[in-house]
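Novice: What follows is work_31.tsv, TSV, C-alpha atoms.
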chain	number	residue	atom	x	y	z
A	1	MET	CA	23.91	2.51	21.86
A	2	LYS	CA	21.12	3.26	19.39
A	3	ILE	CA	18.13	0.91	19.38
A	4	LEU	CA	15.49	0.96	16.63
A	5	VAL	CA	12.00	0.16	17.91
A	6	THR	CA	9.55	-0.54	15.09
A	7	GLY	CA	5.94	-0.04	16.07
A	8	GLY	CA	7.36	2.02	18.90
A	9	LEU	CA	4.23	4.11	19.39
A	10	GLY	CA	2.09	1.02	19.88
A	11	PHE	CA	1.04	-0.46	23.19
A	12	ILE	CA	4.03	-2.67	24.02
A	13	GLY	CA	6.44	-0.64	21.90
A	14	SER	CA	5.87	2.63	23.74
A	15	HIS	CA	6.38	1.02	27.14
A	16	THR	CA	9.57	-0.64	25.88
A	17	VAL	CA	10.88	2.71	24.61
A	18	VAL	CA	10.42	4.11	28.12
A	19	GLU	CA	12.28	1.20	29.73
A	20	LEU	CA	15.11	1.44	27.18
A	21	GLN	CA	15.51	5.15	27.88
A	22	ASN	CA	15.42	4.48	31.62
A	23	GLU	CA	18.44	2.23	31.05
A	24	GLY	CA	20.34	4.88	29.06
A	25	PHE	CA	19.77	3.66	25.51
A	26	GLU	CA	19.30	6.05	22.60
A	27	VAL	CA	16.06	5.13	20.83
A	28	ILE	CA	14.67	5.81	17.39
A	29	ILE	CA	11.06	4.89	16.67
A	30	ILE	CA	9.49	3.82	13.39
A	31	ASP	CA	5.68	3.68	13.24
A	32	ASN	CA	3.11	4.16	10.48
A	33	LEU	CA	0.44	5.32	12.97
A	34	SER	CA	-2.02	2.71	11.70
A	35	ASN	CA	-3.15	1.81	15.22
A	36	THR	CA	-1.82	4.58	17.43
A	37	SER	CA	-1.38	8.34	17.75
A	38	LEU	CA	1.45	10.86	17.73
A	39	LYS	CA	0.27	11.86	21.21
A	40	VAL	CA	2.07	8.77	22.50
A	41	LEU	CA	5.37	10.56	21.79
A	42	ASP	CA	4.30	13.27	24.24
A	43	GLY	CA	3.44	10.64	26.84
A	44	ILE	CA	6.89	9.07	26.50
A	45	ALA	CA	8.52	12.50	26.83
A	46	ASN	CA	6.46	13.28	29.93
A	47	ILE	CA	7.77	10.11	31.60
A	48	THR	CA	11.44	10.15	30.57
A	49	GLY	CA	12.07	13.81	29.76
A	50	ILE	CA	13.42	12.75	26.36
A	51	ASN	CA	12.10	13.82	22.97
A	52	THR	CA	12.49	10.53	21.12
A	53	ALA	CA	13.56	10.48	17.49
A	54	PHE	CA	10.60	9.38	15.37
A	55	GLU	CA	9.98	8.55	11.71
A	56	ASN	CA	6.53	8.00	10.22
A	57	LEU	CA	7.40	5.09	7.97
A	58	ASP	CA	5.55	2.05	6.67
A	59	LEU	CA	7.89	-0.93	6.63
A	60	ARG	CA	6.01	-2.40	3.67
A	61	GLU	CA	7.64	0.30	1.52
A	62	LYS	CA	10.93	-1.39	0.70
A	63	GLU	CA	12.72	1.63	-0.77
A	64	LYS	CA	11.90	3.76	2.26
A	65	VAL	CA	13.28	1.05	4.56
A	66	GLN	CA	16.48	0.98	2.50
A	67	GLU	CA	16.77	4.74	2.64
A	68	PHE	CA	16.23	4.75	6.40
A	69	PHE	CA	19.14	2.37	6.99
A	70	LYS	CA	21.43	4.41	4.75
A	71	ARG	CA	20.88	7.28	7.17
A	72	HIS	CA	20.98	5.12	10.31
A	73	HIS	CA	23.74	2.58	9.78
A	74	ASP	CA	24.88	2.89	13.41
A	75	ILE	CA	21.93	0.97	14.89
A	76	SER	CA	23.10	-1.57	17.48
A	77	GLY	CA	19.86	-3.48	17.80
A	78	VAL	CA	16.26	-3.68	16.61
A	79	ILE	CA	13.14	-4.55	18.57
A	80	HIS	CA	10.51	-5.40	16.00
A	81	PHE	CA	6.92	-4.82	17.13
A	82	ALA	CA	5.42	-3.41	13.93
A	83	ALA	CA	2.63	-5.78	12.91
A	84	SER	CA	-1.13	-6.14	12.77
A	85	LYS	CA	-2.21	-8.10	15.81
A	86	ALA	CA	-5.94	-8.93	16.05
A	87	VAL	CA	-6.86	-12.62	15.74
A	88	GLY	CA	-10.44	-11.98	14.64
A	89	GLU	CA	-9.49	-9.35	12.08
A	90	SER	CA	-6.83	-11.65	10.62
A	91	VAL	CA	-9.42	-14.35	10.01
A	92	GLY	CA	-11.55	-11.86	8.08
A	93	ASN	CA	-8.69	-10.19	6.20
A	94	PRO	CA	-5.80	-12.65	5.90
A	95	LEU	CA	-3.98	-10.93	3.02
A	96	LEU	CA	-3.62	-7.73	5.05
A	97	TYR	CA	-1.90	-9.72	7.78
A	98	TYR	CA	0.40	-11.65	5.48
A	99	GLU	CA	1.47	-8.50	3.63
A	100	ASN	CA	1.92	-6.33	6.70
A	101	ASN	CA	3.50	-8.83	9.08
A	102	ILE	CA	5.70	-10.78	6.68
A	103	SER	CA	6.81	-8.19	4.10
A	104	SER	CA	7.86	-5.69	6.75
A	105	LEU	CA	9.99	-8.31	8.51
A	106	ILE	CA	11.68	-9.38	5.27
A	107	TYR	CA	12.59	-5.82	4.28
A	108	LEU	CA	13.96	-5.18	7.76
A	109	LEU	CA	16.11	-8.33	7.74
A	110	GLN	CA	17.43	-7.55	4.25
A	111	GLU	CA	18.91	-4.33	5.62
A	112	LEU	CA	20.17	-5.89	8.85
A	113	GLN	CA	22.11	-8.61	7.05
A	114	LYS	CA	24.11	-5.88	5.26
A	115	LEU	CA	25.54	-4.76	8.60
A	116	PRO	CA	28.73	-6.29	10.03
A	117	GLU	CA	26.73	-7.37	13.05
A	118	ALA	CA	23.05	-7.05	13.90
A	119	ASN	CA	20.76	-7.95	16.77
A	120	ILE	CA	17.00	-8.30	16.58
A	121	ILE	CA	14.32	-9.08	19.12
A	122	PHE	CA	11.17	-10.38	17.49
A	123	SER	CA	7.78	-9.75	18.99
A	124	SER	CA	6.33	-13.23	18.79
A	125	SER	CA	3.32	-14.73	20.50
A	126	CYS	CA	1.96	-17.68	22.40
A	127	THR	CA	-0.36	-18.16	19.42
A	128	VAL	CA	2.47	-20.16	17.79
A	129	TYR	CA	1.59	-23.00	20.18
A	130	GLY	CA	-2.04	-23.09	19.01
A	131	GLN	CA	-4.07	-25.07	21.52
A	132	ALA	CA	-1.20	-26.66	23.38
A	133	GLU	CA	-1.69	-30.22	24.57
A	134	LYS	CA	-0.31	-29.52	28.04
A	135	MET	CA	-0.37	-26.58	30.46
A	136	PRO	CA	1.70	-24.64	31.33
A	137	ILE	CA	3.31	-24.12	27.94
A	138	THR	CA	7.11	-24.44	27.75
A	139	GLU	CA	9.38	-23.30	24.92
A	140	ASN	CA	9.69	-26.96	23.97
A	141	SER	CA	5.95	-27.35	23.48
A	142	SER	CA	5.21	-28.34	19.91
A	143	ILE	CA	4.30	-25.66	17.40
A	144	GLN	CA	0.72	-26.47	16.40
A	145	PRO	CA	-0.96	-25.57	13.11
A	146	ALA	CA	-1.99	-21.94	13.47
A	147	LEU	CA	-5.65	-21.28	14.20
A	148	SER	CA	-5.57	-17.81	12.62
A	149	PRO	CA	-3.61	-15.95	9.95
A	150	TYR	CA	-2.22	-13.72	12.74
A	151	GLY	CA	-0.82	-16.75	14.54
A	152	ASN	CA	0.54	-18.09	11.28
A	153	THR	CA	2.43	-14.84	10.59
A	154	LYS	CA	4.18	-15.23	13.94
A	155	GLN	CA	5.16	-18.82	13.13
A	156	ILE	CA	6.39	-17.82	9.67
A	157	GLY	CA	8.23	-14.82	11.12
A	158	GLU	CA	10.12	-17.05	13.55
A	159	GLU	CA	11.02	-19.45	10.73
A	160	ILE	CA	12.28	-16.62	8.50
A	161	ILE	CA	14.48	-15.22	11.28
A	162	THR	CA	15.86	-18.67	12.11
A	163	ASP	CA	16.77	-19.31	8.46
A	164	VAL	CA	18.39	-15.89	8.00
A	165	THR	CA	20.56	-16.15	11.14
A	166	LYS	CA	22.11	-19.33	9.76
A	167	VAL	CA	23.65	-17.41	6.85
A	168	SER	CA	24.24	-13.95	8.29
A	169	ASN	CA	25.72	-12.01	11.21
A	170	ILE	CA	22.28	-11.51	12.71
A	171	ASN	CA	21.60	-12.74	16.23
A	172	ALA	CA	18.01	-12.97	17.41
A	173	ILE	CA	15.82	-13.51	20.44
A	174	LEU	CA	12.22	-14.57	19.88
A	175	LEU	CA	9.98	-13.44	22.71
A	176	ARG	CA	6.73	-15.37	22.79
A	177	TYR	CA	4.45	-13.43	25.01
A	178	PHE	CA	1.07	-14.15	26.31
A	179	ASN	CA	-1.56	-11.41	26.91
A	180	PRO	CA	-0.17	-7.94	27.71
A	181	ILE	CA	-2.49	-5.66	29.67
A	182	GLY	CA	-2.32	-2.58	31.89
A	183	ALA	CA	-0.62	0.78	31.46
A	184	HIS	CA	2.35	2.74	32.73
A	185	PRO	CA	1.82	3.72	36.41
A	186	SER	CA	2.09	7.39	35.42
A	187	ALA	CA	-0.97	6.95	33.16
A	188	GLU	CA	0.98	8.84	30.48
A	189	ILE	CA	0.91	5.88	28.08
A	190	GLY	CA	-1.28	2.80	27.78
A	191	GLU	CA	-3.29	0.76	25.32
A	192	LEU	CA	-4.83	3.08	22.76
A	193	PRO	CA	-6.78	1.09	20.17
A	194	LEU	CA	-8.29	3.01	17.28
A	195	GLY	CA	-11.97	2.18	16.78
A	196	ILE	CA	-13.55	-0.83	18.47
A	197	PRO	CA	-10.99	-2.59	20.71
A	198	GLN	CA	-9.93	-6.06	19.58
A	199	ASN	CA	-8.48	-6.96	22.98
A	200	LEU	CA	-10.37	-7.80	26.16
A	201	VAL	CA	-9.07	-5.25	28.67
A	202	PRO	CA	-9.58	-2.01	26.72
A	203	PHE	CA	-13.08	-3.23	25.87
A	204	ILE	CA	-13.67	-3.77	29.59
A	205	THR	CA	-12.40	-0.32	30.56
A	206	GLN	CA	-14.36	1.38	27.78
A	207	THR	CA	-17.47	-0.47	28.88
A	208	GLY	CA	-16.77	0.57	32.46
A	209	LEU	CA	-16.82	4.21	31.36
A	210	GLY	CA	-20.00	3.73	29.36
A	211	LEU	CA	-18.34	4.15	25.97
A	212	ARG	CA	-19.52	0.63	25.09
A	213	GLN	CA	-22.97	-0.64	26.03
A	214	GLU	CA	-21.78	-4.02	27.23
A	215	LEU	CA	-18.93	-6.48	26.92
A	216	SER	CA	-19.36	-9.62	24.84
A	217	VAL	CA	-17.88	-12.74	26.46
A	218	TYR	CA	-17.16	-15.17	23.65
A	219	GLY	CA	-18.32	-18.52	24.96
A	220	ASP	CA	-19.03	-19.95	28.41
A	221	ASP	CA	-18.89	-23.60	27.35
A	222	TYR	CA	-15.12	-24.10	27.29
A	223	PRO	CA	-13.73	-26.96	29.42
A	224	THR	CA	-12.42	-24.51	32.04
A	225	PRO	CA	-13.47	-23.95	35.70
A	226	ASP	CA	-16.04	-21.26	34.83
A	227	GLY	CA	-16.55	-22.09	31.14
A	228	THR	CA	-14.77	-19.00	29.77
A	229	ALA	CA	-11.46	-18.99	27.94
A	230	VAL	CA	-8.25	-18.83	30.01
A	231	ARG	CA	-5.22	-16.69	29.20
A	232	ASP	CA	-2.02	-15.54	30.89
A	233	TYR	CA	-2.37	-11.77	31.42
A	234	ILE	CA	0.95	-9.99	31.97
A	235	HIS	CA	1.46	-6.35	32.91
A	236	VAL	CA	2.90	-4.46	29.95
A	237	VAL	CA	5.63	-2.82	32.06
A	238	ASP	CA	6.89	-6.24	33.16
A	239	LEU	CA	6.88	-7.28	29.52
A	240	ALA	CA	8.73	-4.15	28.41
A	241	LYS	CA	11.48	-4.72	30.96
A	242	ALA	CA	12.03	-8.21	29.57
A	243	HIS	CA	12.76	-6.72	26.14
A	244	VAL	CA	15.48	-4.49	27.61
A	245	ILE	CA	17.07	-7.44	29.40
A	246	ALA	CA	16.95	-9.50	26.19
A	247	MET	CA	18.57	-6.70	24.18
A	248	LYS	CA	21.37	-6.37	26.73
A	249	ARG	CA	21.90	-10.13	26.46
A	250	LEU	CA	22.46	-9.83	22.71
A	251	LEU	CA	24.61	-6.70	22.91
A	252	ASN	CA	26.80	-8.27	25.60
A	253	LYS	CA	27.04	-11.51	23.57
A	254	LYS	CA	25.56	-13.57	26.38
A	255	ASN	CA	23.26	-15.48	24.04
A	256	LEU	CA	24.08	-19.17	23.84
A	257	GLU	CA	22.67	-19.67	20.34
A	258	LYS	CA	22.15	-17.57	17.20
A	259	VAL	CA	18.41	-17.71	17.92
A	260	GLU	CA	17.03	-17.99	21.43
A	261	THR	CA	13.39	-18.29	22.40
A	262	PHE	CA	11.69	-17.27	25.64
A	263	ASN	CA	8.12	-17.36	26.90
A	264	LEU	CA	7.01	-14.19	28.69
A	265	GLY	CA	4.01	-14.47	30.97
A	266	THR	CA	3.06	-14.71	34.62
A	267	GLY	CA	2.76	-18.47	34.71
A	268	THR	CA	-0.87	-18.19	35.86
A	269	GLY	CA	-4.00	-18.55	33.76
A	270	SER	CA	-7.00	-16.28	34.35
A	271	SER	CA	-10.43	-16.73	32.80
A	272	VAL	CA	-12.37	-13.95	31.10
A	273	LEU	CA	-14.77	-13.86	34.04
A	274	GLU	CA	-11.85	-13.60	36.49
A	275	VAL	CA	-10.54	-10.58	34.55
A	276	ILE	CA	-14.00	-9.00	34.69
A	277	HIS	CA	-14.21	-9.62	38.45
A	278	ALA	CA	-10.73	-8.11	38.94
A	279	PHE	CA	-11.90	-4.99	37.12
A	280	GLU	CA	-15.05	-4.82	39.21
A	281	LYS	CA	-12.95	-5.03	42.37
A	282	VAL	CA	-10.51	-2.23	41.47
A	283	SER	CA	-13.18	0.02	39.94
A	284	GLY	CA	-15.87	-0.57	42.55
A	285	GLN	CA	-18.55	-1.03	39.88
A	286	LYS	CA	-20.41	-3.84	38.15
A	287	LEU	CA	-19.60	-4.43	34.50
A	288	PRO	CA	-22.44	-5.12	32.05
A	289	TYR	CA	-21.64	-8.16	29.91
A	290	LYS	CA	-23.38	-10.89	27.96
A	291	ILE	CA	-22.38	-14.38	26.89
A	292	VAL	CA	-22.25	-14.81	23.11
A	293	ALA	CA	-21.05	-17.55	20.75
A	294	ARG	CA	-17.41	-18.52	20.62
A	295	ARG	CA	-15.19	-16.51	18.27
A	296	GLU	CA	-13.46	-18.24	15.37
A	297	GLY	CA	-9.72	-18.63	15.92
A	298	ASP	CA	-9.91	-18.57	19.73
A	299	ILE	CA	-8.45	-21.37	21.81
A	300	THR	CA	-9.52	-22.75	25.18
A	301	SER	CA	-6.52	-22.09	27.36
A	302	ALA	CA	-2.97	-20.75	27.22
A	303	TYR	CA	-0.62	-19.89	30.07
A	304	ALA	CA	3.15	-19.93	30.27
A	305	ASN	CA	5.88	-21.85	31.95
A	306	THR	CA	8.37	-19.01	32.46
A	307	ASP	CA	11.23	-20.97	34.05
A	308	LYS	CA	13.58	-20.42	31.10
A	309	ALA	CA	13.14	-16.62	31.14
A	310	ASN	CA	13.38	-16.59	34.94
A	311	ASP	CA	16.66	-18.51	34.88
A	312	ALA	CA	18.46	-17.34	31.72
A	313	LEU	CA	17.31	-13.72	31.69
A	314	GLY	CA	16.93	-13.22	35.42
A	315	TRP	CA	13.48	-11.82	34.67
A	316	LYS	CA	10.17	-12.45	36.37
A	317	SER	CA	6.79	-10.73	36.16
A	318	GLN	CA	6.05	-8.61	39.23
A	319	SER	CA	2.51	-7.24	38.95
A	320	THR	CA	-0.74	-8.98	39.87
A	321	LEU	CA	-3.86	-9.14	37.69
A	322	GLU	CA	-5.58	-6.59	39.91
A	323	GLU	CA	-2.61	-4.19	39.73
A	324	ALA	CA	-2.62	-4.47	35.95
A	325	MET	CA	-6.38	-3.85	35.78
A	326	GLU	CA	-6.07	-0.90	38.13
A	327	SER	CA	-3.42	0.73	35.91
A	328	ALA	CA	-5.55	0.11	32.80
A	329	TRP	CA	-8.56	1.70	34.51
A	330	LYS	CA	-6.50	4.71	35.62
A	331	TRP	CA	-5.25	5.17	32.06
A	332	GLU	CA	-8.73	4.86	30.54
A	333	LYS	CA	-10.19	7.45	32.89
A	334	LYS	CA	-7.34	9.85	32.20
A	335	ILE	CA	-7.57	9.76	28.41
A	336	ARG	CA	-11.35	10.19	28.49
A	337	SER	CA	-11.20	13.15	30.85
A	338	LYS	CA	-9.38	15.34	28.33
Would you write out, as structure tokens, the structure that this file holds?

Specialist:
Amino acid sequence: MKILVTGGLGFIGSHTVVELQNEGFEVIIIDNLSNTSLKVLDGIANITGINTAFENLDLREKEKVQEFFKRHHDISGVIHFAASKAVGESVGNPLLYYENNISSLIYLLQELQKLPEANIIFSSSCTVYGQAEKMPITENSSIQPALSPYGNTKQIGEEIITDVTKVSNINAILLRYFNPIGAHPSAEIGELPLGIPQNLVPFITQTGLGLRQELSVYGDDYPTPDGTAVRDYIHVVDLAKAHVIAMKRLLNKKNLEKVETFNLGTGTGSSVLEVIHAFEKVSGQKLPYKIVARREGDITSAYANTDKANDALGWKSQSTLEEAMESAWKWEKKIRSK
């Protein structure tokens, strides 16, 4: 079966492509290379031995999306990653996020609803919960007003998909994941941000190599055990495997509703300082960092209750925080040694 992976050369997308190919799926990737590199295709090929079909396409270009589906009308399922994803950047440039994240989804769904049957997995986020009132966060936790345009695009995306499935042959799974980190154990693919990293772990590993002078820790006055913000950090390979399981669920018609929602995380919250200490342990070096003011759009704490995914999907995260940090460090050292 042919699976379209949009944003398939991105961090989570590339790892999901590998896991899909490991399970025998034929994959075609769409990516506009706005936050990645064509070299990722080589990394995927080095792992799986497969030269993956790829199209450099911006999903905001409606006519090109239409033309793509005229040529690829035999797609069995779509995993939709393509989106801008930095909370801070979205606060500073909201229109970019609304155009990129919403328009691309709409144009994709317009083509999918023309098919006799279509399946889509949507890359959602724990940001839809905002600052949840209770921890851990379940799928039944209330959707809070978004604290950033990025978070709002995920909420709106979920609403659009839910509305469309009511009047079409589209079935969907919304995967709300927490904080993906790490890299493939082969160190052939990993997180590859262009410019200054927006996420914590690549900033840590770049600082560890001396590419950044020091890490900024945004706030140490949160109501948490050590004062720094708490998140649920999940190894990207564990996350990728969940997407494959979810796609099989749709293809095998095991879904119980037209739209299903699952949290993907480890179920454990780790503070920024705990992540730094995990890096220091696996790297054997001290990390230079400084405490700075809180960042607009950030919340205090978010970690998942993963019981629903554990039970319904038969999926559970496997890797520890230290294992994830070790793989990220291995990846960072490899790409900088070339």

Novice: Taking into account all atoms listed in the file, which residue in the set A:Ser186, A:Ser148, A:Ser319, A:Ser123 is nearest to A:Gly43?

Specialist: A:Ser186

Novice: With only C-alpha atoms as the counted atoms, please give the residues lying no more than 12 Å from A:His73, apart from itself and same-chain residues fewer than 3 positions off, as JSON, numbers by chain.

Specialist: {"A": [2, 3, 4, 65, 66, 67, 68, 69, 70, 76, 77, 78, 111, 112, 113, 114, 115, 116, 117, 118]}

Novice: For A:Pro94, which of A:Leu147, A:Ala328, A:Ala304, A:Leu20 is the closest residue, counting only C-alpha atoms?

Specialist: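 Looking at the shortest contact to A:Pro94, the residue is A:Leu147.
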
Novice: Using Å and a single decimal, report how far atom CA of A:Asn140 sits from atom CA of A:Val244.

Specialist: 23.5 Å

Novice: Do a neighbour search on A:Ala229 at 8 Å with only C-alpha atoms, toss out local chain neighbours closer than 3 positions, and write the hits as a PyMOL selection string.

Specialist: chain A and resi 219-220+222+224+271-272+299-301

Novice: Extract, using only C-alpha atoms, all DNA, RNA and protein residues at most 10 Å from A:Thr306, discarding same-chain residues fewer than 5 positions from it, and format them as a list in words.

Specialist: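 Final neighbour list, sorted by chain and number: Pro136, Ile137, Thr138, Glu139, Phe262, Asn263, Leu264, Gly265, Thr266, Gly267, Thr268, Asp311, Trp315, Lys316 and Ser317 of chain A.
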
Novice: Do a neighbour search on A:Val128 at 6 Å with all atoms listed in the file, toss out local chain neighbours closer than 2 positions, and write the hits as a list of chain:residue names.

Specialist: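 What passes the distance filter is A:Cys126, A:Gly130, A:Ile143, A:Gly151, A:Gln155.
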
Novice: Check the smallest atom-to-atom distance from each of A:Ala146, A:Ala309, A:Ala45, A:Ile276 to A:Ile204 using all atoms listed in the file, then report the winner.

Specialist: A:Ile276

Novice: A:Ile196: which residues within 10 Å, counting only C-alpha atoms, same-chain residues fewer than 5 positions away excluded, as a PyMOL selection string?

Specialist: chain A and resi 202-203+206+212

Novice: Compare A:Ile245, A:Arg231, A:Gly208, A:Tyr97 by their minimum atom-to-atom distance to A:Glu23, counting all atoms listed in the file, and give me the closest one.

Specialist: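 Closest to A:Glu23, using all atoms listed in the file: A:Ile245.
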
Novice: Just checking: using all atoms listed in the file, which residue out of A:Ser283, A:Ser270, A:Gln213, A:Asn119 ends up closest to A:Asp232?

Specialist: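 Of all the options, A:Ser270 lies closest to A:Asp232.
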
Novice: Suppose you want the space between atom CA of A:Ala240 and atom CA of A:Thr16; what is it in Å?

Specialist: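 According to the coordinates, atom CA of A:Ala240 and atom CA of A:Thr16 are separated by 4.4 Å.
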